[in-house]
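Structure data (TSV, C-alpha atoms) from final-v1.tsv:
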```
chain	number	residue	atom	x	y	z
A	1	MET	CA	18.42	48.39	91.23
A	2	ALA	CA	16.75	51.78	91.22
A	3	MET	CA	18.16	54.19	88.70
A	4	SER	CA	19.56	57.25	90.35
A	5	PRO	CA	18.29	60.56	89.03
A	6	ALA	CA	21.83	61.48	88.15
A	7	LEU	CA	21.96	58.67	85.58
A	8	SER	CA	20.06	60.85	83.17
A	9	SER	CA	21.67	62.56	80.17
A	10	THR	CA	22.54	65.61	82.29
A	11	ARG	CA	24.97	63.77	84.59
A	12	ALA	CA	28.49	65.11	84.99
A	13	PRO	CA	31.08	63.22	82.92
A	14	ALA	CA	33.27	60.79	84.87
A	15	ARG	CA	36.70	62.09	85.71
A	16	TRP	CA	39.63	59.81	86.50
A	17	GLN	CA	39.33	60.89	90.13
A	18	ASP	CA	35.88	59.28	90.24
A	19	TYR	CA	37.37	55.95	89.22
A	20	PHE	CA	40.08	56.37	91.84
A	21	GLN	CA	37.39	57.03	94.46
A	22	LEU	CA	35.85	53.66	93.57
A	23	LEU	CA	38.97	52.04	95.03
A	24	LYS	CA	38.22	53.44	98.52
A	25	PRO	CA	41.66	55.04	98.99
A	26	ARG	CA	41.27	55.44	102.77
A	27	VAL	CA	40.60	51.72	103.20
A	28	MET	CA	43.53	51.04	100.85
A	29	SER	CA	45.88	53.04	103.07
A	30	LEU	CA	44.93	50.96	106.13
A	31	VAL	CA	45.39	47.75	104.14
A	32	VAL	CA	48.83	48.92	102.96
A	33	PHE	CA	49.85	49.60	106.56
A	34	THR	CA	48.75	46.20	107.94
A	35	ALA	CA	50.09	44.27	104.92
A	36	LEU	CA	53.46	46.02	105.25
A	37	THR	CA	53.55	45.10	108.95
A	38	GLY	CA	52.93	41.44	108.08
A	39	LEU	CA	55.62	41.55	105.41
A	40	VAL	CA	58.20	43.13	107.72
A	41	CYS	CA	57.34	40.92	110.72
A	42	ALA	CA	58.10	37.84	108.60
A	43	ASP	CA	61.79	38.77	109.10
A	44	ARG	CA	62.79	37.35	105.72
A	45	ALA	CA	65.16	39.28	103.47
A	46	ILE	CA	63.23	40.22	100.35
A	47	HIS	CA	64.23	42.50	97.47
A	48	PRO	CA	62.77	45.98	98.12
A	49	VAL	CA	61.22	46.06	94.63
A	50	LEU	CA	59.43	42.77	95.27
A	51	ALA	CA	58.30	43.99	98.71
A	52	GLY	CA	56.89	47.11	97.05
A	53	VAL	CA	55.15	45.03	94.39
A	54	ALA	CA	53.61	42.78	97.07
A	55	VAL	CA	52.19	45.77	98.96
A	56	LEU	CA	51.01	47.35	95.68
A	57	CYS	CA	49.22	44.13	94.66
A	58	ILE	CA	47.48	43.91	98.04
A	59	ALA	CA	46.48	47.60	97.83
A	60	VAL	CA	45.14	47.24	94.28
A	61	GLY	CA	43.34	44.01	95.25
A	62	ALA	CA	41.70	45.86	98.15
A	63	GLY	CA	40.78	48.69	95.79
A	64	ALA	CA	39.29	46.22	93.33
A	65	SER	CA	37.06	44.71	96.00
A	66	GLY	CA	36.03	48.26	96.95
A	67	ALA	CA	34.96	48.91	93.35
A	68	LEU	CA	33.00	45.63	93.28
A	69	ASN	CA	31.36	46.61	96.57
A	70	MET	CA	30.34	50.02	95.18
A	71	TRP	CA	28.93	48.38	92.04
A	72	TRP	CA	26.78	45.91	94.01
A	73	ASP	CA	25.73	48.26	96.81
A	74	ALA	CA	24.85	51.32	94.68
A	75	ASP	CA	21.16	51.02	95.65
A	76	ILE	CA	21.76	51.07	99.40
A	77	ASP	CA	24.61	53.58	99.11
A	78	ALA	CA	22.12	55.99	97.50
A	79	LYS	CA	19.94	55.84	100.62
A	80	MET	CA	22.64	56.57	103.20
A	81	ARG	CA	23.94	60.05	103.93
A	82	ARG	CA	27.51	58.79	104.42
A	83	THR	CA	27.65	57.02	101.04
A	84	ARG	CA	25.27	58.74	98.66
A	85	GLY	CA	28.02	60.96	97.25
A	86	ARG	CA	29.94	57.90	95.98
A	87	PRO	CA	30.55	57.87	92.21
A	88	VAL	CA	27.96	55.21	91.27
A	89	PRO	CA	24.93	56.37	93.32
A	90	ALA	CA	25.78	59.98	92.41
A	91	GLY	CA	25.64	58.95	88.75
A	92	ARG	CA	29.19	60.01	87.85
A	93	VAL	CA	30.24	56.43	87.02
A	94	GLN	CA	28.07	53.69	85.49
A	95	GLY	CA	27.64	50.54	87.60
A	96	ALA	CA	28.96	48.40	84.73
A	97	ASP	CA	32.15	50.48	84.62
A	98	ALA	CA	32.70	49.98	88.36
A	99	LEU	CA	32.23	46.23	87.85
A	100	ALA	CA	34.69	46.17	84.95
A	101	LEU	CA	37.28	48.14	86.92
A	102	GLY	CA	36.90	45.79	89.90
A	103	VAL	CA	37.25	42.63	87.82
A	104	VAL	CA	40.21	43.89	85.77
A	105	LEU	CA	42.15	45.16	88.81
A	106	SER	CA	41.42	41.91	90.71
A	107	LEU	CA	42.88	39.85	87.87
A	108	PHE	CA	45.90	42.13	87.44
A	109	SER	CA	46.74	42.21	91.16
A	110	VAL	CA	46.41	38.45	91.66
A	111	MET	CA	48.37	37.53	88.52
A	112	LEU	CA	51.16	39.99	89.29
A	113	MET	CA	51.38	38.77	92.90
A	114	GLY	CA	51.64	35.17	91.62
A	115	MET	CA	54.32	35.93	89.04
A	116	ALA	CA	56.39	38.39	91.09
A	117	LEU	CA	56.13	36.79	94.56
A	118	ASN	CA	54.46	33.40	94.93
A	119	TRP	CA	51.16	31.69	94.16
A	120	PHE	CA	50.30	31.02	97.81
A	121	ALA	CA	50.15	34.77	98.47
A	122	ALA	CA	48.29	35.24	95.17
A	123	GLY	CA	45.74	32.59	96.22
A	124	LEU	CA	45.23	34.30	99.59
A	125	LEU	CA	44.75	37.64	97.80
A	126	ALA	CA	42.19	36.11	95.41
A	127	PHE	CA	40.37	34.54	98.37
A	128	THR	CA	40.30	37.89	100.20
A	129	ILE	CA	38.87	39.75	97.19
A	130	LEU	CA	36.22	37.07	96.60
A	131	PHE	CA	35.37	36.90	100.30
A	132	TYR	CA	34.81	40.66	100.52
A	133	ALA	CA	32.99	41.05	97.21
A	134	VAL	CA	30.88	37.90	97.25
A	135	VAL	CA	30.57	36.54	100.81
A	136	TYR	CA	30.38	39.91	102.61
A	137	THR	CA	28.97	42.35	100.05
A	138	MET	CA	26.54	40.13	98.13
A	139	TRP	CA	25.51	37.78	100.88
A	140	LEU	CA	26.18	38.65	104.53
A	141	LYS	CA	25.70	42.43	104.48
A	142	ARG	CA	21.98	42.37	103.68
A	143	TRP	CA	21.21	39.08	105.41
A	144	THR	CA	22.55	38.95	108.97
A	145	ALA	CA	23.43	41.23	111.84
A	146	GLN	CA	26.67	39.23	112.11
A	147	ASN	CA	27.70	40.65	108.70
A	148	ILE	CA	30.72	42.57	109.91
A	149	VAL	CA	31.85	39.81	112.31
A	150	ILE	CA	32.28	37.23	109.53
A	151	GLY	CA	32.97	39.76	106.78
A	152	GLY	CA	35.73	41.25	108.94
A	153	LEU	CA	37.93	38.35	107.86
A	154	ALA	CA	38.49	40.09	104.52
A	155	GLY	CA	39.89	43.16	106.29
A	156	ALA	CA	41.95	40.98	108.62
A	157	LEU	CA	43.80	38.97	105.96
A	158	PRO	CA	46.21	41.59	104.46
A	159	PRO	CA	48.98	41.02	107.08
A	160	VAL	CA	48.80	37.27	106.35
A	161	ILE	CA	49.09	37.99	102.61
A	162	GLY	CA	52.06	40.28	103.30
A	163	TRP	CA	53.72	37.55	105.41
A	164	ALA	CA	52.99	34.91	102.74
A	165	ALA	CA	54.41	37.18	100.03
A	166	ALA	CA	57.71	37.37	101.92
A	167	THR	CA	58.01	33.72	102.97
A	168	GLY	CA	55.61	31.62	100.92
A	169	SER	CA	53.98	30.43	104.14
A	170	ALA	CA	51.64	31.65	106.87
A	171	PRO	CA	52.73	30.59	110.38
A	172	LEU	CA	50.83	31.05	113.63
A	173	ASN	CA	52.16	34.58	114.22
A	174	ALA	CA	50.80	35.73	110.84
A	175	TRP	CA	47.37	34.42	111.82
A	176	LEU	CA	47.71	36.17	115.16
A	177	LEU	CA	47.94	39.50	113.33
A	178	CYS	CA	44.86	38.45	111.39
A	179	ALA	CA	43.07	37.55	114.65
A	180	ILE	CA	43.80	41.00	116.11
A	181	ILE	CA	42.06	42.79	113.23
A	182	PHE	CA	39.30	40.19	113.12
A	183	MET	CA	38.44	40.64	116.81
A	184	TRP	CA	38.90	44.43	116.59
A	185	THR	CA	36.39	44.86	113.74
A	186	PRO	CA	33.10	44.21	115.63
A	187	PRO	CA	33.61	46.71	118.51
A	188	HIS	CA	35.00	49.25	116.03
A	189	PHE	CA	32.09	49.10	113.57
A	190	TRP	CA	29.35	48.58	116.13
A	191	ALA	CA	30.52	51.70	118.01
A	192	LEU	CA	30.19	53.60	114.72
A	193	SER	CA	26.82	52.05	113.92
A	194	LEU	CA	25.44	53.12	117.32
A	195	TYR	CA	25.37	56.71	116.13
A	196	THR	CA	24.71	56.06	112.42
A	197	SER	CA	22.05	53.33	112.80
A	198	GLU	CA	19.30	55.56	111.33
A	199	ASP	CA	21.12	55.51	108.01
A	200	TYR	CA	21.45	51.71	108.07
A	201	ALA	CA	17.79	51.28	109.01
A	202	LYS	CA	16.75	53.53	106.12
A	203	ALA	CA	18.81	51.43	103.70
A	204	GLY	CA	17.51	48.15	105.17
A	205	VAL	CA	20.96	46.94	106.22
A	206	PRO	CA	20.59	44.67	109.27
A	207	MET	CA	23.29	46.24	111.43
A	208	LEU	CA	23.24	45.04	115.03
A	209	PRO	CA	21.66	48.20	116.58
A	210	VAL	CA	18.88	48.07	113.97
A	211	VAL	CA	18.08	44.38	114.48
A	212	ARG	CA	18.86	43.75	118.16
A	213	GLY	CA	18.72	47.23	119.62
A	214	ALA	CA	21.27	49.52	121.21
A	215	ALA	CA	21.50	47.75	124.60
A	216	SER	CA	22.36	44.41	123.00
A	217	THR	CA	24.92	46.12	120.76
A	218	ARG	CA	26.61	47.82	123.73
A	219	ARG	CA	26.77	44.47	125.57
A	220	GLN	CA	28.29	42.71	122.56
A	221	ILE	CA	30.83	45.53	122.13
A	222	LEU	CA	31.92	44.94	125.73
A	223	ILE	CA	32.15	41.16	125.25
A	224	TYR	CA	34.20	41.50	122.05
A	225	SER	CA	36.44	44.08	123.73
A	226	LEU	CA	37.12	41.63	126.59
A	227	LEU	CA	38.05	38.96	124.04
A	228	LEU	CA	40.08	41.38	121.92
A	229	ILE	CA	42.59	42.59	124.51
A	230	PRO	CA	44.20	39.17	125.30
A	231	VAL	CA	44.54	38.54	121.56
A	232	CYS	CA	46.25	41.93	121.18
A	233	ILE	CA	48.70	41.18	124.01
A	234	ALA	CA	49.43	37.62	122.80
A	235	PRO	CA	52.12	38.56	120.21
A	236	ALA	CA	54.34	39.64	123.14
A	237	PHE	CA	54.39	35.98	124.21
A	238	THR	CA	54.69	34.24	120.85
A	239	GLY	CA	58.05	35.65	119.77
A	240	LEU	CA	56.51	38.41	117.65
A	241	GLY	CA	56.47	41.49	119.89
A	242	GLY	CA	58.98	42.93	122.33
A	243	LEU	CA	58.73	44.89	125.57
A	244	PRO	CA	57.46	48.12	123.88
A	245	TYR	CA	54.71	46.09	122.23
A	246	LEU	CA	53.75	44.52	125.56
A	247	ALA	CA	53.51	47.99	127.13
A	248	VAL	CA	51.50	49.52	124.25
A	249	SER	CA	49.10	46.58	123.92
A	250	SER	CA	48.50	46.33	127.70
A	251	LEU	CA	48.09	50.03	128.47
A	252	GLY	CA	46.11	50.69	125.30
A	253	GLY	CA	44.02	47.63	126.08
A	254	LEU	CA	43.14	49.03	129.50
A	255	VAL	CA	41.99	52.30	127.94
A	256	PHE	CA	40.01	50.35	125.31
A	257	LEU	CA	38.26	48.33	128.05
A	258	LEU	CA	37.54	51.46	130.07
A	259	LEU	CA	35.92	53.15	127.05
A	260	ALA	CA	33.96	49.97	126.21
A	261	TRP	CA	32.73	49.83	129.82
A	262	ARG	CA	31.65	53.48	129.74
A	263	LEU	CA	29.85	52.84	126.47
A	264	TYR	CA	28.14	49.79	127.98
A	265	ARG	CA	26.89	51.91	130.89
A	266	SER	CA	25.74	54.71	128.59
A	267	LYS	CA	22.57	55.16	126.54
A	268	ALA	CA	24.36	55.35	123.21
A	269	GLY	CA	22.14	54.42	120.29
A	270	GLU	CA	18.90	54.99	122.22
A	271	ALA	CA	16.51	57.33	120.45
A	272	ALA	CA	15.48	60.39	122.43
A	273	ASP	CA	11.92	60.04	123.70
A	274	PRO	CA	9.89	62.72	121.89
A	275	ARG	CA	7.37	62.85	124.77
A	276	ASN	CA	10.04	64.22	127.03
A	277	ASP	CA	10.99	67.82	126.88
A	278	PRO	CA	14.77	67.79	126.47
A	279	GLU	CA	15.03	71.28	127.92
A	280	ALA	CA	13.25	70.18	131.06
A	281	ASN	CA	14.91	66.88	131.97
A	282	GLY	CA	18.09	66.76	129.94
A	283	GLY	CA	17.01	63.62	128.03
A	284	LEU	CA	18.43	64.83	124.77
A	285	TYR	CA	21.65	65.77	126.49
A	286	ASP	CA	21.91	62.19	127.85
A	287	VAL	CA	21.56	60.74	124.37
A	288	ARG	CA	24.09	63.17	122.90
A	289	ALA	CA	26.53	62.53	125.72
A	290	ALA	CA	26.08	58.77	125.20
A	291	ALA	CA	26.75	59.14	121.48
A	292	ARG	CA	29.99	60.79	122.54
A	293	ASP	CA	30.91	57.57	124.41
A	294	ALA	CA	30.36	55.62	121.18
A	295	ARG	CA	32.45	58.15	119.24
A	296	ASN	CA	35.23	57.95	121.82
A	297	LEU	CA	35.48	54.16	121.53
A	298	PHE	CA	35.30	54.35	117.72
A	299	ALA	CA	38.09	56.93	117.56
A	300	PHE	CA	40.28	55.16	120.13
A	301	SER	CA	39.84	51.80	118.38
A	302	ILE	CA	41.49	53.27	115.27
A	303	LEU	CA	44.34	54.71	117.32
A	304	TYR	CA	44.82	51.45	119.24
A	305	LEU	CA	45.07	49.28	116.11
A	306	ALA	CA	47.41	51.79	114.46
A	307	LEU	CA	49.63	51.84	117.58
A	308	LEU	CA	49.79	48.03	117.80
A	309	PHE	CA	50.85	47.60	114.18
A	310	ALA	CA	53.17	50.63	114.21
A	311	THR	CA	54.94	49.27	117.32
A	312	LEU	CA	55.43	45.85	115.73
A	313	LEU	CA	56.63	47.48	112.52
A	314	ALA	CA	59.09	49.71	114.39
A	315	GLU	CA	60.39	46.84	116.53
A	316	HIS	CA	61.10	44.63	113.52
A	317	LEU	CA	62.60	47.43	111.42
A	318	ALA	CA	64.86	48.36	114.34
A	319	GLY	CA	65.81	44.70	114.85
A	320	LEU	CA	64.55	44.70	118.44
A	321	LYS	CA	64.45	41.22	119.92
A	322	PRO	CA	61.04	39.84	120.88
A	323	LEU	CA	60.37	38.86	124.48
A	324	GLU	CA	61.60	35.42	125.54
A	325	LEU	CA	59.42	33.34	127.79
A	326	VAL	CA	62.29	31.51	129.53
B	1	MET	CA	19.29	76.68	78.99
B	2	SER	CA	22.74	75.13	78.84
B	3	ASP	CA	25.00	75.44	75.84
B	4	PRO	CA	25.45	71.97	74.20
B	5	THR	CA	28.89	72.90	72.78
B	6	ARG	CA	30.10	73.86	76.23
B	7	GLU	CA	28.85	70.55	77.64
B	8	ASN	CA	30.77	68.64	74.96
B	9	GLU	CA	33.92	70.50	75.89
B	10	THR	CA	33.50	69.40	79.51
B	11	GLU	CA	32.95	65.82	78.42
B	12	ALA	CA	35.95	65.91	76.11
B	13	LYS	CA	38.11	67.29	78.92
B	14	ALA	CA	36.96	64.54	81.29
B	15	ARG	CA	37.54	61.86	78.63
B	16	ARG	CA	41.01	63.23	77.94
B	17	GLY	CA	41.81	63.07	81.66
B	18	ARG	CA	40.58	59.46	81.85
B	19	ASN	CA	42.62	58.46	78.81
B	20	ILE	CA	45.79	60.05	80.17
B	21	ALA	CA	45.27	58.30	83.54
B	22	LEU	CA	44.77	54.96	81.75
B	23	ALA	CA	47.86	55.49	79.60
B	24	VAL	CA	49.99	56.38	82.63
B	25	GLY	CA	48.65	53.30	84.46
B	26	LEU	CA	49.47	50.98	81.56
B	27	VAL	CA	52.98	52.41	81.05
B	28	LEU	CA	53.71	52.09	84.77
B	29	PHE	CA	52.46	48.49	84.69
B	30	VAL	CA	54.77	47.63	81.77
B	31	ILE	CA	57.74	49.23	83.55
B	32	LEU	CA	56.82	47.36	86.74
B	33	VAL	CA	56.70	43.98	84.97
B	34	PHE	CA	60.04	44.75	83.29
B	35	VAL	CA	61.72	45.66	86.59
B	36	VAL	CA	60.21	42.63	88.36
B	37	THR	CA	61.52	40.39	85.58
B	38	LEU	CA	65.03	41.80	86.00
B	39	VAL	CA	64.88	41.36	89.78
B	40	ARG	CA	63.54	37.81	89.55
B	41	LEU	CA	66.14	36.76	86.99
B	42	GLY	CA	68.90	38.53	88.91
B	43	GLY	CA	72.42	37.73	87.72
B	44	ASN	CA	71.14	34.81	85.64
B	45	VAL	CA	70.12	37.21	82.90
B	46	LEU	CA	73.82	37.67	82.04
B	47	GLU	CA	74.85	34.04	82.56
B	48	ARG	CA	72.48	32.31	80.18
B	49	PRO	CA	73.97	30.10	77.45
B	50	LEU	CA	74.06	31.80	74.06
```
Have the structure of the file written as structure tokens, please.
Amino acid sequence: MAMSPALSSTRAPARWQDYFQLLKPRVMSLVVFTALTGLVCADRAIHPVLAGVAVLCIAVGAGASGALNMWWDADIDAKMRRTRGRPVPAGRVQGADALALGVVLSLFSVMLMGMALNWFAAGLLAFTILFYAVVYTMWLKRWTAQNIVIGGLAGALPPVIGWAAATGSAPLNAWLLCAIIFMWTPPHFWALSLYTSEDYAKAGVPMLPVVRGAASTRRQILIYSLLLIPVCIAPAFTGLGGLPYLAVSSLGGLVFLLLAWRLYRSKAGEAADPRNDPEANGGLYDVRAAARDARNLFAFSILYLALLFATLLAEHLAGLKPLELV
Amino acid sequence: MSDPTRENETEAKARRGRNIALAVGLVLFVILVFVVTLVRLGGNVLERPL
């Protein structure tokens, strides 16, 4: 691992906020939201303190895997604009300290989940942390363009852990919530990578646009979007979602597909041809406009997932009955 | 040229902040385990044989 210049004796001392940043608080907030949805959708009465502890354990476990990720990936983080300000590549926190924080918080979160809730949920949490830190971060991320497809499982598991924390089991509907996030991850991240692929190429991370090119990425985004929407609508027919959920998932799904189609037809991710004069033929404008299509899908994908889970959460908190097939 | 005393002050301030954060974290963890124990034991905590 190359030593960052900031690791010299003149580096700024680590503040507690730097350690908190290692936990990727924004990712933690998304994990809290999906885990809470899983916990509430389980429809099992659980003491509010224990419910809070379950969500806290999942959040801390996610934070721990974030710290482990930042420890391992400090070398590539230092090369990317988006990540070079992180505490380890910036030299504010030593890599060994990030590792120690990740390991300690992993152990604390799993043990507390086991003792306060149940060991099935604790086992799922341990699996999720290991999957993200070892399978995704150490193995898949630098090895295959399918890194985020398989690695997306780690981000998809929190609702299952939440459900398991409440009931001690993980039925089909819990896995359906997992499937929604799992299928959502590729179009979401590939849309982002279409306009940040230069950074990934510089760091040597084999993201799909870098390895297969922009056209192939746009095609795969469309294919995954087509597969995603039925999965998102499915909870309305499995006793999990009600009429509002059916409306939100269907209408939102149509918008998602429309944006994915527009992105497919665009030139997003294509480098502007330097031989062309952008002022003369509008080539640069085409590329910028296409990047906007990628940004639109990326932004809407976040809104769509948030709406799906918020609707399920609201329905179950309000005691709304799910749709009945007969 | 930077003043080495000043730099130490900055480091001491950062270390103090880290220590306070760690202390708060540990105290909250102890309280959390205590509350979880009470919740898990429920009424049984008062009904145990003496």
| said: Using all atoms listed in the file and a distance of at most 12 Å, pull out the residues of chain A that contact chain B, as a ChimeraX atom specification. | reply: /A:9-20,46-54,56-57,92-93,101,105,108-109,111-118
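Taking CA of Ala126 (chain A) and CA of Val110 (chain A) as the two end points, the separation is 6.1 Å.
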| request: Kindly give the distance, in Å, that separates CA of Tyr304 (chain A) and CA of Pro244 (chain A), rounded to a single decimal. | output: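 Separation between CA of Tyr304 (chain A) and CA of Pro244 (chain A): 13.9 Å.
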| request: Could you please determine the separation between CA of Ala291 (chain A) and CA of Gly269 (chain A) in Å, to one decimal place? | output: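 About the pair CA of Ala291 (chain A) and CA of Gly269 (chain A): they are 6.7 Å apart.
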| message | Ranking A:Ala299, A:Ala201, A:Cys41, A:Leu307 by minimum distance to Ser250 (chain A) and counting only C-alpha atoms, which one comes first? | response | A:Leu307
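Ranking A:Ile150, A:Val104, A:Leu208, A:Leu172 by their shortest atom-to-atom distance to Gly38 (chain A), with only C-alpha atoms included, puts A:Leu172 first.
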| query | Leaving out Val231 (chain A) and any residue of its chain fewer than 3 positions from it, which residues lie within 12 Å of it when counting all atoms listed in the file, given as a VMD selection string? | reply | chain A and resid 173 175 to 184 224 to 228 234 to 238 246 249 to 250 253 308
Export of the given selection (C-alpha atoms) as a CSV table (one decimal), in the coordinates of the input:
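Output (result.csv):
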```
chain,number,residue,atom,x,y,z
A,173,ASN,CA,52.2,34.6,114.2
A,175,TRP,CA,47.4,34.4,111.8
A,176,LEU,CA,47.7,36.2,115.2
A,177,LEU,CA,47.9,39.5,113.3
A,178,CYS,CA,44.9,38.4,111.4
A,179,ALA,CA,43.1,37.6,114.6
A,180,ILE,CA,43.8,41.0,116.1
A,181,ILE,CA,42.1,42.8,113.2
A,182,PHE,CA,39.3,40.2,113.1
A,183,MET,CA,38.4,40.6,116.8
A,184,TRP,CA,38.9,44.4,116.6
A,224,TYR,CA,34.2,41.5,122.0
A,225,SER,CA,36.4,44.1,123.7
A,226,LEU,CA,37.1,41.6,126.6
A,227,LEU,CA,38.0,39.0,124.0
A,228,LEU,CA,40.1,41.4,121.9
A,234,ALA,CA,49.4,37.6,122.8
A,235,PRO,CA,52.1,38.6,120.2
A,236,ALA,CA,54.3,39.6,123.1
A,237,PHE,CA,54.4,36.0,124.2
A,238,THR,CA,54.7,34.2,120.8
A,246,LEU,CA,53.8,44.5,125.6
A,249,SER,CA,49.1,46.6,123.9
A,250,SER,CA,48.5,46.3,127.7
A,253,GLY,CA,44.0,47.6,126.1
A,308,LEU,CA,49.8,48.0,117.8
```
| Residue nearest Thr167 (chain A) - candidates A:Ala294, A:Leu323, A:Ala145, A:Val40, atoms counted: all atoms listed in the file | A:Val40
| query | Smallest atom-to-atom distance to Leu39 (chain A): which of A:Leu312, A:Ile129, A:Val160, A:Ala318, using all atoms listed in the file? | reply |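 Once distances to Leu39 (chain A) are computed over all atoms listed in the file, the minimum belongs to A:Val160.
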| field | Residue nearest Gln146 (chain A) among A:Arg86, A:Arg295, A:Arg212, A:Lys202 (counting only C-alpha atoms) | value |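 When distances to Gln146 (chain A) are compared using only C-alpha atoms, the smallest one comes from A:Arg212.
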